[in-house]
Structure formats: C-alpha cells, structure tokens
$ cat input-v3.txt   # compact mmCIF, C-alpha atoms (C1' of nucleotides)
# COMPACT_ATOMS: atom_id res chain seq x y z
CA MET U 1 101.42 62.21 9.91
CA THR U 2 97.90 62.03 11.27
CA VAL U 3 96.56 58.60 11.92
CA ALA U 4 93.17 58.07 10.32
CA GLU U 5 90.46 58.17 12.97
CA LYS U 6 88.18 55.20 13.15
CA GLU U 7 84.72 55.70 11.76
CA TYR U 8 81.50 53.82 12.30
CA THR U 9 78.13 53.58 10.62
CA ILE U 10 74.98 53.52 12.68
CA SER U 11 74.61 49.78 12.19
CA ASP U 12 78.22 49.20 13.24
CA LEU U 13 77.39 50.72 16.59
CA SER U 14 73.95 49.20 16.90
CA LYS U 15 75.47 45.77 16.37
CA GLU U 16 78.39 46.34 18.71
CA PHE U 17 76.20 47.55 21.55
CA GLU U 18 73.18 45.45 20.74
CA ILE U 19 70.72 48.28 20.47
CA THR U 20 68.54 49.37 17.55
CA SER U 21 69.44 52.12 15.10
CA ARG U 22 66.19 53.70 16.15
CA SER U 23 67.54 54.13 19.67
CA ILE U 24 70.73 55.75 18.46
CA ARG U 25 68.78 58.18 16.31
CA HIS U 26 66.54 58.85 19.26
CA TYR U 27 69.54 59.81 21.37
CA GLU U 28 70.46 62.20 18.62
CA ASP U 29 66.96 63.69 18.62
CA GLU U 30 67.42 64.23 22.34
CA LYS U 31 70.75 65.97 21.75
CA LEU U 32 72.84 63.32 23.43
CA ILE U 33 75.04 62.74 20.42
CA SER U 34 75.60 64.48 17.10
CA PRO U 35 77.57 62.51 14.54
CA GLU U 36 79.11 64.01 11.45
CA ARG U 37 77.06 63.90 8.29
CA ARG U 38 78.50 62.76 5.03
CA GLY U 39 75.71 63.63 2.66
CA THR U 40 72.66 62.35 4.46
CA HIS U 41 74.44 59.48 6.16
CA ARG U 42 75.66 59.57 9.74
CA ILE U 43 79.31 58.94 10.42
CA TYR U 44 80.33 58.23 14.00
CA SER U 45 83.81 58.97 15.34
CA SER U 46 85.60 57.30 18.24
CA ARG U 47 84.48 60.13 20.49
CA ASP U 48 80.90 59.55 19.38
CA ARG U 49 81.34 55.91 20.25
CA VAL U 50 82.56 56.83 23.71
CA ARG U 51 79.56 59.11 24.18
CA LEU U 52 77.31 56.24 23.28
CA GLN U 53 79.00 54.09 25.89
CA LEU U 54 78.39 56.82 28.44
CA ILE U 55 74.75 56.94 27.44
CA LEU U 56 74.33 53.20 27.85
CA ARG U 57 76.11 53.23 31.17
CA GLY U 58 73.76 55.95 32.35
CA LYS U 59 70.83 53.89 31.18
CA ARG U 60 71.98 50.84 33.07
CA LEU U 61 72.04 53.02 36.15
CA GLY U 62 68.46 54.09 35.57
CA PHE U 63 69.09 57.70 34.64
CA SER U 64 66.72 59.43 32.25
CA LEU U 65 68.03 60.63 28.91
CA ALA U 66 67.69 64.20 30.18
CA GLN U 67 69.88 63.42 33.19
CA ILE U 68 72.37 61.61 31.02
CA ARG U 69 72.62 64.63 28.78
CA GLN U 70 73.43 66.78 31.79
CA ILE U 71 76.21 64.43 32.77
CA ILE U 72 77.56 64.18 29.24
CA ASP U 73 77.49 67.92 28.85
CA LEU U 74 79.91 68.12 31.75
CA TYR U 75 82.50 66.57 29.47
CA ASP U 76 82.21 69.37 26.94
CA LEU U 77 83.34 72.16 29.21
CA PRO U 78 85.21 74.99 27.45
CA GLU U 79 88.59 73.73 28.69
CA GLY U 80 89.97 75.73 31.59
CA LYS U 81 87.15 78.23 31.56
CA GLN U 82 85.13 78.35 34.75
CA LYS U 83 81.64 79.26 33.63
CA GLN U 84 79.40 78.99 36.64
CA THR U 85 81.85 76.69 38.32
CA SER U 86 79.95 76.52 41.59
CA LEU U 87 76.83 75.53 39.71
CA LEU U 88 78.70 72.74 38.02
CA LEU U 89 80.25 71.61 41.27
CA ASN U 90 76.76 71.41 42.70
CA LEU U 91 75.59 69.31 39.81
CA ILE U 92 78.57 67.02 40.18
CA GLN U 93 77.96 66.68 43.88
CA GLU U 94 74.34 65.81 43.27
CA ARG U 95 75.30 63.10 40.82
CA ARG U 96 77.88 61.78 43.24
CA ASP U 97 75.37 61.63 46.08
CA ALA U 98 72.94 59.73 43.89
CA LEU U 99 75.64 57.27 42.87
CA LEU U 100 76.79 56.71 46.44
CA GLN U 101 73.19 56.07 47.48
CA GLN U 102 72.85 53.62 44.62
CA ARG U 103 75.96 51.80 45.68
CA LYS U 104 74.54 51.44 49.17
CA ASP U 105 71.29 50.14 47.71
CA ILE U 106 73.19 47.64 45.62
CA ASN U 107 75.24 46.35 48.51
CA PHE U 108 72.09 45.99 50.56
CA MET U 109 70.34 44.02 47.85
CA LEU U 110 73.35 41.81 47.26
CA LYS U 111 73.31 40.85 50.92
CA GLU U 112 69.61 40.16 50.73
CA LEU U 113 70.10 37.94 47.72
CA GLU U 114 72.72 35.98 49.61
CA MET U 115 70.35 35.42 52.48
CA LEU U 116 67.58 34.36 50.15
CA GLU U 117 69.88 31.98 48.39
CA SER U 118 70.90 30.32 51.63
CA LYS U 119 67.26 29.62 52.34
CA LEU U 120 67.13 27.50 49.19
CA ASP U 121 69.30 24.58 50.18
CA MET Y 1 51.61 39.23 75.81
CA THR Y 2 51.68 40.33 72.21
CA VAL Y 3 53.11 43.72 71.56
CA ALA Y 4 50.85 45.86 69.43
CA GLU Y 5 52.22 46.07 65.89
CA LYS Y 6 52.78 49.49 64.50
CA GLU Y 7 50.28 50.66 61.96
CA TYR Y 8 50.41 53.37 59.33
CA THR Y 9 47.96 55.23 57.17
CA ILE Y 10 48.72 55.89 53.55
CA SER Y 11 49.60 59.49 54.26
CA ASP Y 12 51.91 58.45 57.10
CA LEU Y 13 53.97 56.52 54.61
CA SER Y 14 53.70 59.02 51.79
CA LYS Y 15 55.05 61.69 54.12
CA GLU Y 16 57.80 59.53 55.56
CA PHE Y 17 59.09 58.48 52.16
CA GLU Y 18 58.20 61.65 50.32
CA ILE Y 19 56.08 60.05 47.65
CA THR Y 20 52.44 60.60 46.76
CA SER Y 21 49.55 58.46 47.96
CA ARG Y 22 48.82 57.93 44.32
CA SER Y 23 52.13 56.14 43.89
CA ILE Y 24 51.50 53.88 46.85
CA ARG Y 25 48.07 52.96 45.52
CA HIS Y 26 49.64 52.37 42.15
CA TYR Y 27 52.08 49.90 43.66
CA GLU Y 28 49.08 48.14 45.10
CA ASP Y 29 47.38 48.07 41.69
CA GLU Y 30 50.54 46.45 40.41
CA LYS Y 31 50.46 43.83 43.18
CA LEU Y 32 53.61 45.03 44.88
CA ILE Y 33 51.94 45.55 48.22
CA SER Y 34 48.58 44.68 49.74
CA PRO Y 35 47.74 46.40 52.99
CA GLU Y 36 45.01 45.32 55.30
CA ARG Y 37 41.63 46.99 54.90
CA ARG Y 38 39.72 48.32 57.82
CA GLY Y 39 36.46 49.17 56.17
CA THR Y 40 37.51 50.96 53.03
CA HIS Y 41 40.67 52.44 54.51
CA ARG Y 42 44.12 50.98 54.01
CA ILE Y 43 46.12 50.06 57.08
CA TYR Y 44 49.82 49.40 56.59
CA SER Y 45 51.82 47.12 58.90
CA SER Y 46 55.53 47.22 59.62
CA ARG Y 47 56.06 44.52 57.03
CA ASP Y 48 54.15 46.60 54.50
CA ARG Y 49 56.43 49.47 55.34
CA VAL Y 50 59.48 47.30 54.71
CA ARG Y 51 58.04 46.23 51.39
CA LEU Y 52 57.63 49.84 50.45
CA GLN Y 53 61.25 50.46 51.30
CA LEU Y 54 62.23 47.58 49.07
CA ILE Y 55 60.14 49.05 46.28
CA LEU Y 56 61.78 52.45 46.59
CA ARG Y 57 65.22 50.91 46.74
CA GLY Y 58 64.47 49.04 43.56
CA LYS Y 59 63.28 52.24 41.96
CA ARG Y 60 66.44 54.08 42.87
CA LEU Y 61 68.32 51.32 41.10
CA GLY Y 62 66.25 51.79 37.99
CA PHE Y 63 64.26 48.57 38.12
CA SER Y 64 60.76 48.49 36.67
CA LEU Y 65 57.85 47.75 38.96
CA ALA Y 66 57.51 44.35 37.31
CA GLN Y 67 61.13 43.51 38.10
CA ILE Y 68 60.73 44.79 41.62
CA ARG Y 69 57.74 42.55 42.10
CA GLN Y 70 59.82 39.57 41.03
CA ILE Y 71 62.45 40.44 43.59
CA ILE Y 72 59.92 41.06 46.33
CA ASP Y 73 58.17 37.82 45.57
CA LEU Y 74 61.40 36.04 46.39
CA TYR Y 75 60.87 37.05 49.99
CA ASP Y 76 57.54 35.30 50.16
CA LEU Y 77 58.82 31.81 49.54
CA PRO Y 78 56.90 29.04 51.29
CA GLU Y 79 59.58 28.58 53.96
CA GLY Y 80 61.79 25.57 53.40
CA LYS Y 81 59.87 24.40 50.38
CA GLN Y 82 61.94 24.16 47.24
CA LYS Y 83 59.49 24.90 44.46
CA GLN Y 84 61.45 25.23 41.25
CA THR Y 85 64.58 25.97 43.22
CA SER Y 86 66.86 25.98 40.21
CA LEU Y 87 64.60 28.45 38.53
CA LEU Y 88 64.79 30.72 41.52
CA LEU Y 89 68.52 30.37 41.75
CA ASN Y 90 68.70 31.45 38.15
CA LEU Y 91 66.60 34.48 38.83
CA ILE Y 92 68.74 35.38 41.82
CA GLN Y 93 71.89 34.97 39.79
CA GLU Y 94 70.49 37.22 37.10
CA ARG Y 95 69.69 39.92 39.63
CA ARG Y 96 73.14 39.58 41.14
CA ASP Y 97 74.83 39.94 37.78
CA ALA Y 98 72.85 43.06 37.03
CA LEU Y 99 73.74 44.53 40.39
CA LEU Y 100 77.43 43.77 40.00
CA GLN Y 101 77.41 45.40 36.58
CA GLN Y 102 75.70 48.42 38.06
CA ARG Y 103 78.30 48.66 40.78
CA LYS Y 104 81.01 48.68 38.14
CA ASP Y 105 79.18 51.40 36.24
CA ILE Y 106 78.86 53.43 39.39
CA ASN Y 107 82.51 53.16 40.26
CA PHE Y 108 83.41 54.17 36.74
CA MET Y 109 81.20 57.22 36.84
CA LEU Y 110 82.45 58.22 40.27
CA LYS Y 111 85.99 58.24 38.91
CA GLU Y 112 84.88 60.28 35.93
CA LEU Y 113 83.20 62.81 38.19
CA GLU Y 114 86.41 63.16 40.16
CA MET Y 115 88.35 63.87 37.00
CA LEU Y 116 85.80 66.40 35.86
CA GLU Y 117 85.89 68.10 39.21
CA SER Y 118 89.66 68.42 39.13
CA LYS Y 119 89.33 70.26 35.84
CA LEU Y 120 87.31 72.93 37.63
CA ASP Y 121 89.94 74.50 39.85
C1' DC S 1 70.95 50.58 -15.62
C1' DC S 2 69.27 47.53 -12.08
C1' DT S 3 69.25 45.24 -7.95
C1' DT S 4 70.25 44.96 -3.18
C1' DA S 5 71.57 46.38 1.18
C1' DC S 6 71.57 50.06 4.04
C1' DC S 7 70.45 54.51 5.00
C1' DT S 8 67.11 58.55 5.61
C1' DT S 9 62.88 61.28 7.53
C1' DT S 10 58.17 61.54 9.15
C1' DA S 11 54.82 60.20 12.00
C1' DC S 12 51.67 57.51 14.49
C1' DG S 13 51.56 53.82 18.30
C1' DC S 14 52.36 52.04 22.81
C1' DA S 15 53.59 50.56 27.56
C1' DA S 16 55.14 52.24 32.04
C1' DA S 17 54.51 55.11 35.93
C1' DC S 18 52.35 57.93 37.68
C1' DG S 19 49.53 63.13 37.67
C1' DT S 20 45.27 65.09 38.11
C1' DA S 21 40.51 66.00 38.45
C1' DA S 22 35.85 64.45 39.66
C1' DA S 23 32.76 62.76 42.66
C1' DC S 24 31.95 60.65 46.63
C1' DT S 25 32.57 58.30 51.74
C1' DT S 26 34.42 58.09 56.44
C1' DG S 27 35.78 59.30 60.79
C1' DA S 28 37.09 62.43 64.18
C1' DT S 29 36.04 66.97 66.26
C1' DT S 30 33.49 70.87 67.62
C1' DA I 1 24.25 67.34 63.74
C1' DA I 2 27.58 69.92 61.01
C1' DT I 3 32.14 70.39 59.49
C1' DC I 4 36.42 69.19 57.63
C1' DA I 5 40.54 66.74 56.78
C1' DA I 6 41.77 62.60 54.85
C1' DG I 7 40.38 58.58 52.62
C1' DT I 8 38.23 56.13 48.47
C1' DT I 9 37.31 54.73 43.37
C1' DT I 10 37.17 55.78 38.50
C1' DA I 11 39.04 57.39 34.62
C1' DC I 12 41.25 60.21 31.43
C1' DG I 13 45.87 62.83 30.66
C1' DT I 14 50.98 63.15 30.37
C1' DT I 15 55.87 62.08 29.82
C1' DT I 16 59.53 59.06 28.53
C1' DG I 17 61.70 55.92 25.44
C1' DC I 18 61.60 53.86 22.05
C1' DG I 19 58.75 50.31 18.22
C1' DT I 20 57.07 50.15 13.88
C1' DA I 21 55.45 51.11 9.49
C1' DA I 22 55.56 54.04 5.32
C1' DA I 23 57.90 56.05 1.70
C1' DG I 24 61.69 56.93 -0.24
C1' DG I 25 67.19 58.27 -1.01
C1' DT I 26 72.16 56.35 -1.79
C1' DA I 27 76.19 53.61 -2.83
C1' DA I 28 78.39 49.56 -4.52
C1' DG I 29 78.38 45.45 -7.34
C1' DG I 30 76.95 42.97 -11.36
$ encode --input "input-v3.txt" --output "structure tokens"
Amino acid sequence: MTVAEKEYTISDLSKEFEITSRSIRHYEDEKLISPERRGTHRIYSSRDRVRLQLILRGKRLGFSLAQIRQIIDLYDLPEGKQKQTSLLLNLIQERRDALLQQRKDINFMLKELEMLESKLD
Amino acid sequence: MTVAEKEYTISDLSKEFEITSRSIRHYEDEKLISPERRGTHRIYSSRDRVRLQLILRGKRLGFSLAQIRQIIDLYDLPEGKQKQTSLLLNLIQERRDALLQQRKDINFMLKELEMLESKLD
DNA sequence: CCTTACCTTTACGCAAACGTAAACTTGATT
DNA sequence: AATCAAGTTTACGTTTGCGTAAAGGTAAGG
C-alpha cells in the first residue's frame, strides 16, 4: 500500500521557514518551484519542501535566485542520461570553486573576529 | 627613516580586483572607505587596499554593504577603550553565528555537488 | 446562507548596488 | 601650448527581490 505523501499549504511552509507567502510565490514566478494545484490553491509536496530548503540555503550563501535555479535544475537531470555532461560538469565545478572560496573567506573572517574579540577584554 | 607607504590610484585597485571604479566610489559614498585626496584625485593607501579586500570578501559571502560597514567598523575601535563592549561582543557573536551557519550550508552543498557529479558518469 | 480565515492574481512601489552617460577638470607627455 | 588618458561630480536608469495594497475567489463551520 502506498503511504500518503505529506502535503503542505503555502502558509504551512511560510510559517515553518519564517518567510512570507509572497516570497514563496515569487520563487514560483522565478521558476524555482512549481507546486501542484488543487483548483486554484497551491499544494506543496515533500519534494517541494526540500526544494524550498535548497532555495533558502542558497540565499543564505548569497546566491541570486537565478543562480539557485541553475543549481536546483541540476537535481532534475533525466536520470542516467548524459545531456551535455561536460557542460554540467563545468557548472558543478564552478559552483564548487565558489563554495571553496567562500569557505576560505569564512575561515578568514572567523579568525579576524577572534582577534577582535581578544582586543575587548 | 620612514619607508614610503605604497599608494594606489582608483584604477590601480579596480584593475587589481577586477571591479569598476564606479563600485569603489560607491563604497566611498556608503562610507566603507575614505581615501586621501590629493587635490581632487583619490589616493589609496595600503590600509585602504586592505579595507577594499575586506569589502570584497564580505560581498563574496553575500553580506550587504551596510553589514560590511558594521564589520569593518569593528576594526576601527579606539584601541583598548571598551565603549559598549557587551554590545560589540553581541555583534561579533551574531556575525560568528551567521558565518558558522554559512559554513554548514557550504559543506552541505559541497556534498550534494559530489553526489550529483557521481550521477554523471 | 453567512461569516471568517485563507487563498488567489494583478500591479505598482521600493531599497540596494551599481551601470551608464554627460559634462567637465587634471596632469603628464609630446 | 596642445593633446590625451584618466580622474571628477551629478544624476538618471536598471536589475533583483521582494513589500504592499487592491480586489476578489474558496472552503469549512455555524
């Protein structure tokens, strides 16, 4: 028997993640997420919820919605099919480079904060 | 004898860091940097150059110019003086928390990228 | 059927972070 | 002195990421 998938309304998610419904709809306008429609109402699945988490994570890292869409789109690859694989590998490598640079930046700033803190005794 | 400090023009820095002069002037408008003036021309010192690096690092991490200014201002504390120390410690702790969260996000995304890449064999 | 809470679309508004063009000024070089 | 690259200010334009009405549709309870 198939277990009923969890479903969420837009306000469920906006409350859980502490963002406005407006933002979630905006992400939909920008093609970052596309929930099922039941009549006019939006119904979000667990996968939609995960996508939203990915979006917010991307935002915390300072990526633009356009960049986040690129990243998210990587998840929707036609399983097993290599369509422009090298192009995708390039994109992945670019993202990785950016993330590694960010991690360096973070570690640098954390050290700086420590030093600053020690000056405040 | 005092060693002559290095000096830079606006285009020196814009070339070195691959940003436009407009951006650098904008950072000045926003009080993030304030180079010496020799006549009407801007002359940047080594410390100014370091500030610019801090600005760009902050940008790579997705901070707004206003947030970056807050961070930078921490460096200009009246040496040894504790003016609202607890307030500053709070600010520092906030920054640290944000950075630690970001590092988690980065590590998460790096793992995800690895998984995606392995799907592309 | 009516209220109430929640949802919908449409559309204008706005702040941030520059881009871009206009219209000079300055300083070094020929 | 004339030229020319590089600097300057002023100011309007653009993109991104939503905020914020306005105006109404929908579903459940009383």
$ interface_residues --input "input-v3.txt" --of "chain Y" --to "chain I" --cutoff "12 Å" --atoms "all atoms listed in the file" --output "MDAnalysis selection string"
chainID Y and resid 9:12 21:22 25 37:43
$ calpha_fit_and_write --input "input-v3.txt" --fixed "chain Y" --moving "chain U" --output "PDB file with C-alpha atoms, in the coordinates of the input"
ATOM      1  CA  MET U   1      51.546  39.121  75.851  1.00  0.00           C
ATOM      2  CA  THR U   2      51.659  40.214  72.236  1.00  0.00           C
ATOM      3  CA  VAL U   3      53.068  43.616  71.588  1.00  0.00           C
ATOM      4  CA  ALA U   4      50.779  45.717  69.426  1.00  0.00           C
ATOM      5  CA  GLU U   5      52.172  45.942  65.906  1.00  0.00           C
ATOM      6  CA  LYS U   6      52.697  49.389  64.529  1.00  0.00           C
ATOM      7  CA  GLU U   7      50.184  50.537  61.975  1.00  0.00           C
ATOM      8  CA  TYR U   8      50.314  53.253  59.368  1.00  0.00           C
ATOM      9  CA  THR U   9      47.853  55.106  57.189  1.00  0.00           C
ATOM     10  CA  ILE U  10      48.650  55.782  53.573  1.00  0.00           C
ATOM     11  CA  SER U  11      49.496  59.398  54.330  1.00  0.00           C
ATOM     12  CA  ASP U  12      51.792  58.353  57.178  1.00  0.00           C
ATOM     13  CA  LEU U  13      53.873  56.449  54.674  1.00  0.00           C
ATOM     14  CA  SER U  14      53.597  58.979  51.888  1.00  0.00           C
ATOM     15  CA  LYS U  15      54.904  61.644  54.243  1.00  0.00           C
ATOM     16  CA  GLU U  16      57.671  59.492  55.671  1.00  0.00           C
ATOM     17  CA  PHE U  17      58.984  58.485  52.267  1.00  0.00           C
ATOM     18  CA  GLU U  18      58.086  61.665  50.460  1.00  0.00           C
ATOM     19  CA  ILE U  19      56.003  60.078  47.762  1.00  0.00           C
ATOM     20  CA  THR U  20      52.352  60.617  46.840  1.00  0.00           C
ATOM     21  CA  SER U  21      49.488  58.434  48.026  1.00  0.00           C
ATOM     22  CA  ARG U  22      48.763  57.926  44.368  1.00  0.00           C
ATOM     23  CA  SER U  23      52.102  56.171  43.954  1.00  0.00           C
ATOM     24  CA  ILE U  24      51.477  53.867  46.880  1.00  0.00           C
ATOM     25  CA  ARG U  25      48.072  52.926  45.520  1.00  0.00           C
ATOM     26  CA  HIS U  26      49.666  52.395  42.152  1.00  0.00           C
ATOM     27  CA  TYR U  27      52.114  49.921  43.656  1.00  0.00           C
ATOM     28  CA  GLU U  28      49.128  48.130  45.071  1.00  0.00           C
ATOM     29  CA  ASP U  29      47.443  48.055  41.661  1.00  0.00           C
ATOM     30  CA  GLU U  30      50.628  46.473  40.358  1.00  0.00           C
ATOM     31  CA  LYS U  31      50.542  43.856  43.116  1.00  0.00           C
ATOM     32  CA  LEU U  32      53.666  45.061  44.850  1.00  0.00           C
ATOM     33  CA  ILE U  33      51.973  45.541  48.187  1.00  0.00           C
ATOM     34  CA  SER U  34      48.617  44.606  49.681  1.00  0.00           C
ATOM     35  CA  PRO U  35      47.759  46.305  52.951  1.00  0.00           C
ATOM     36  CA  GLU U  36      45.010  45.175  55.260  1.00  0.00           C
ATOM     37  CA  ARG U  37      41.639  46.804  54.834  1.00  0.00           C
ATOM     38  CA  ARG U  38      39.692  48.124  57.743  1.00  0.00           C
ATOM     39  CA  GLY U  39      36.404  48.943  56.106  1.00  0.00           C
ATOM     40  CA  THR U  40      37.462  50.744  52.972  1.00  0.00           C
ATOM     41  CA  HIS U  41      40.584  52.254  54.477  1.00  0.00           C
ATOM     42  CA  ARG U  42      44.060  50.837  54.004  1.00  0.00           C
ATOM     43  CA  ILE U  43      46.065  49.915  57.055  1.00  0.00           C
ATOM     44  CA  TYR U  44      49.774  49.289  56.593  1.00  0.00           C
ATOM     45  CA  SER U  45      51.788  47.032  58.896  1.00  0.00           C
ATOM     46  CA  SER U  46      55.512  47.160  59.620  1.00  0.00           C
ATOM     47  CA  ARG U  47      56.054  44.459  57.025  1.00  0.00           C
ATOM     48  CA  ASP U  48      54.148  46.551  54.500  1.00  0.00           C
ATOM     49  CA  ARG U  49      56.402  49.444  55.365  1.00  0.00           C
ATOM     50  CA  VAL U  50      59.464  47.311  54.748  1.00  0.00           C
ATOM     51  CA  ARG U  51      58.056  46.229  51.392  1.00  0.00           C
ATOM     52  CA  LEU U  52      57.614  49.845  50.476  1.00  0.00           C
ATOM     53  CA  GLN U  53      61.231  50.513  51.348  1.00  0.00           C
ATOM     54  CA  LEU U  54      62.237  47.643  49.095  1.00  0.00           C
ATOM     55  CA  ILE U  55      60.146  49.099  46.307  1.00  0.00           C
ATOM     56  CA  LEU U  56      61.759  52.508  46.638  1.00  0.00           C
ATOM     57  CA  ARG U  57      65.212  51.008  46.779  1.00  0.00           C
ATOM     58  CA  GLY U  58      64.467  49.118  43.587  1.00  0.00           C
ATOM     59  CA  LYS U  59      63.270  52.319  42.002  1.00  0.00           C
ATOM     60  CA  ARG U  60      66.421  54.171  42.917  1.00  0.00           C
ATOM     61  CA  LEU U  61      68.309  51.420  41.153  1.00  0.00           C
ATOM     62  CA  GLY U  62      66.250  51.897  38.018  1.00  0.00           C
ATOM     63  CA  PHE U  63      64.300  48.659  38.121  1.00  0.00           C
ATOM     64  CA  SER U  64      60.811  48.559  36.659  1.00  0.00           C
ATOM     65  CA  LEU U  65      57.882  47.843  38.943  1.00  0.00           C
ATOM     66  CA  ALA U  66      57.548  44.441  37.273  1.00  0.00           C
ATOM     67  CA  GLN U  67      61.165  43.598  38.093  1.00  0.00           C
ATOM     68  CA  ILE U  68      60.755  44.868  41.615  1.00  0.00           C
ATOM     69  CA  ARG U  69      57.762  42.625  42.080  1.00  0.00           C
ATOM     70  CA  GLN U  70      59.843  39.648  41.009  1.00  0.00           C
ATOM     71  CA  ILE U  71      62.468  40.510  43.573  1.00  0.00           C
ATOM     72  CA  ILE U  72      59.926  41.130  46.311  1.00  0.00           C
ATOM     73  CA  ASP U  73      58.172  37.894  45.543  1.00  0.00           C
ATOM     74  CA  LEU U  74      61.402  36.114  46.382  1.00  0.00           C
ATOM     75  CA  TYR U  75      60.832  37.142  49.977  1.00  0.00           C
ATOM     76  CA  ASP U  76      57.495  35.364  50.144  1.00  0.00           C
ATOM     77  CA  LEU U  77      58.796  31.882  49.518  1.00  0.00           C
ATOM     78  CA  PRO U  78      56.816  29.105  51.241  1.00  0.00           C
ATOM     79  CA  GLU U  79      59.455  28.706  53.965  1.00  0.00           C
ATOM     80  CA  GLY U  80      61.680  25.686  53.474  1.00  0.00           C
ATOM     81  CA  LYS U  81      59.813  24.465  50.437  1.00  0.00           C
ATOM     82  CA  GLN U  82      61.891  24.289  47.287  1.00  0.00           C
ATOM     83  CA  LYS U  83      59.451  25.012  44.497  1.00  0.00           C
ATOM     84  CA  GLN U  84      61.447  25.310  41.323  1.00  0.00           C
ATOM     85  CA  THR U  85      64.556  26.071  43.290  1.00  0.00           C
ATOM     86  CA  SER U  86      66.851  26.092  40.279  1.00  0.00           C
ATOM     87  CA  LEU U  87      64.576  28.578  38.579  1.00  0.00           C
ATOM     88  CA  LEU U  88      64.748  30.832  41.583  1.00  0.00           C
ATOM     89  CA  LEU U  89      68.497  30.474  41.823  1.00  0.00           C
ATOM     90  CA  ASN U  90      68.688  31.557  38.210  1.00  0.00           C
ATOM     91  CA  LEU U  91      66.577  34.589  38.903  1.00  0.00           C
ATOM     92  CA  ILE U  92      68.714  35.477  41.887  1.00  0.00           C
ATOM     93  CA  GLN U  93      71.863  35.077  39.862  1.00  0.00           C
ATOM     94  CA  GLU U  94      70.487  37.318  37.157  1.00  0.00           C
ATOM     95  CA  ARG U  95      69.674  40.019  39.670  1.00  0.00           C
ATOM     96  CA  ARG U  96      73.104  39.668  41.208  1.00  0.00           C
ATOM     97  CA  ASP U  97      74.820  39.998  37.841  1.00  0.00           C
ATOM     98  CA  ALA U  98      72.837  43.131  37.088  1.00  0.00           C
ATOM     99  CA  LEU U  99      73.737  44.621  40.458  1.00  0.00           C
ATOM    100  CA  LEU U 100      77.424  43.815  40.079  1.00  0.00           C
ATOM    101  CA  GLN U 101      77.404  45.430  36.637  1.00  0.00           C
ATOM    102  CA  GLN U 102      75.717  48.469  38.126  1.00  0.00           C
ATOM    103  CA  ARG U 103      78.322  48.716  40.821  1.00  0.00           C
ATOM    104  CA  LYS U 104      81.034  48.679  38.181  1.00  0.00           C
ATOM    105  CA  ASP U 105      79.197  51.386  36.261  1.00  0.00           C
ATOM    106  CA  ILE U 106      78.923  53.468  39.394  1.00  0.00           C
ATOM    107  CA  ASN U 107      82.580  53.164  40.262  1.00  0.00           C
ATOM    108  CA  PHE U 108      83.480  54.112  36.720  1.00  0.00           C
ATOM    109  CA  MET U 109      81.290  57.192  36.799  1.00  0.00           C
ATOM    110  CA  LEU U 110      82.572  58.238  40.199  1.00  0.00           C
ATOM    111  CA  LYS U 111      86.101  58.199  38.834  1.00  0.00           C
ATOM    112  CA  GLU U 112      84.997  60.202  35.839  1.00  0.00           C
ATOM    113  CA  LEU U 113      83.362  62.773  38.063  1.00  0.00           C
ATOM    114  CA  GLU U 114      86.583  63.114  40.010  1.00  0.00           C
ATOM    115  CA  MET U 115      88.523  63.755  36.849  1.00  0.00           C
ATOM    116  CA  LEU U 116      85.995  66.291  35.663  1.00  0.00           C
ATOM    117  CA  GLU U 117      86.093  68.039  38.977  1.00  0.00           C
ATOM    118  CA  SER U 118      89.859  68.351  38.882  1.00  0.00           C
ATOM    119  CA  LYS U 119      89.562  70.116  35.559  1.00  0.00           C
ATOM    120  CA  LEU U 120      87.568  72.856  37.278  1.00  0.00           C
ATOM    121  CA  ASP U 121      90.217  74.448  39.437  1.00  0.00           C
TER     122      ASP U 121
END
$ interface_residues --input "input-v3.txt" --of "chain U" --to "chain Y" --cutoff "7 Å" --atoms "only C-alpha atoms" --output "NGL selection string"
:U and (57 or 60-62 or 80 or 82 or 85 or 89 or 92 or 96 or 99 or 102-103 or 105-106 or 110 or 113 or 117 or 119-120)
$ atom_distance --input "input-v3.txt" --atom1 "CA of Asn90 (chain U)" --atom2 "CA of Asp73 (chain U)"
14.3 Å
$ atom_distance --input "input-v3.txt" --atom1 "CA of Arg69 (chain U)" --atom2 "C1' of DT20 (chain S)"
28.9 Å
$ interface_residues --input "input-v3.txt" --of "chain S" --to "chain Y" --cutoff "9 Å" --atoms "all atoms listed in the file" --output "PDB file with C-alpha atoms (C1' of nucleotides), in the coordinates of the input"
ATOM      1  C1'  DA S  16      55.140  52.240  32.040  1.00  0.00           C
ATOM      2  C1'  DA S  17      54.510  55.110  35.930  1.00  0.00           C
ATOM      3  C1'  DC S  18      52.350  57.930  37.680  1.00  0.00           C
ATOM      4  C1'  DG S  19      49.530  63.130  37.670  1.00  0.00           C
ATOM      5  C1'  DT S  25      32.570  58.300  51.740  1.00  0.00           C
ATOM      6  C1'  DT S  26      34.420  58.090  56.440  1.00  0.00           C
TER       7       DT S  26
END
$ axis_aligned_box --input "input-v3.txt" --around "region 20-26 of chain S" --padding-each-side "4 Å" --output "JSON"
{"center_x": 38.6, "center_y": 62.0, "center_z": 47.3, "size_x": 21.3, "size_y": 15.9, "size_z": 26.3}
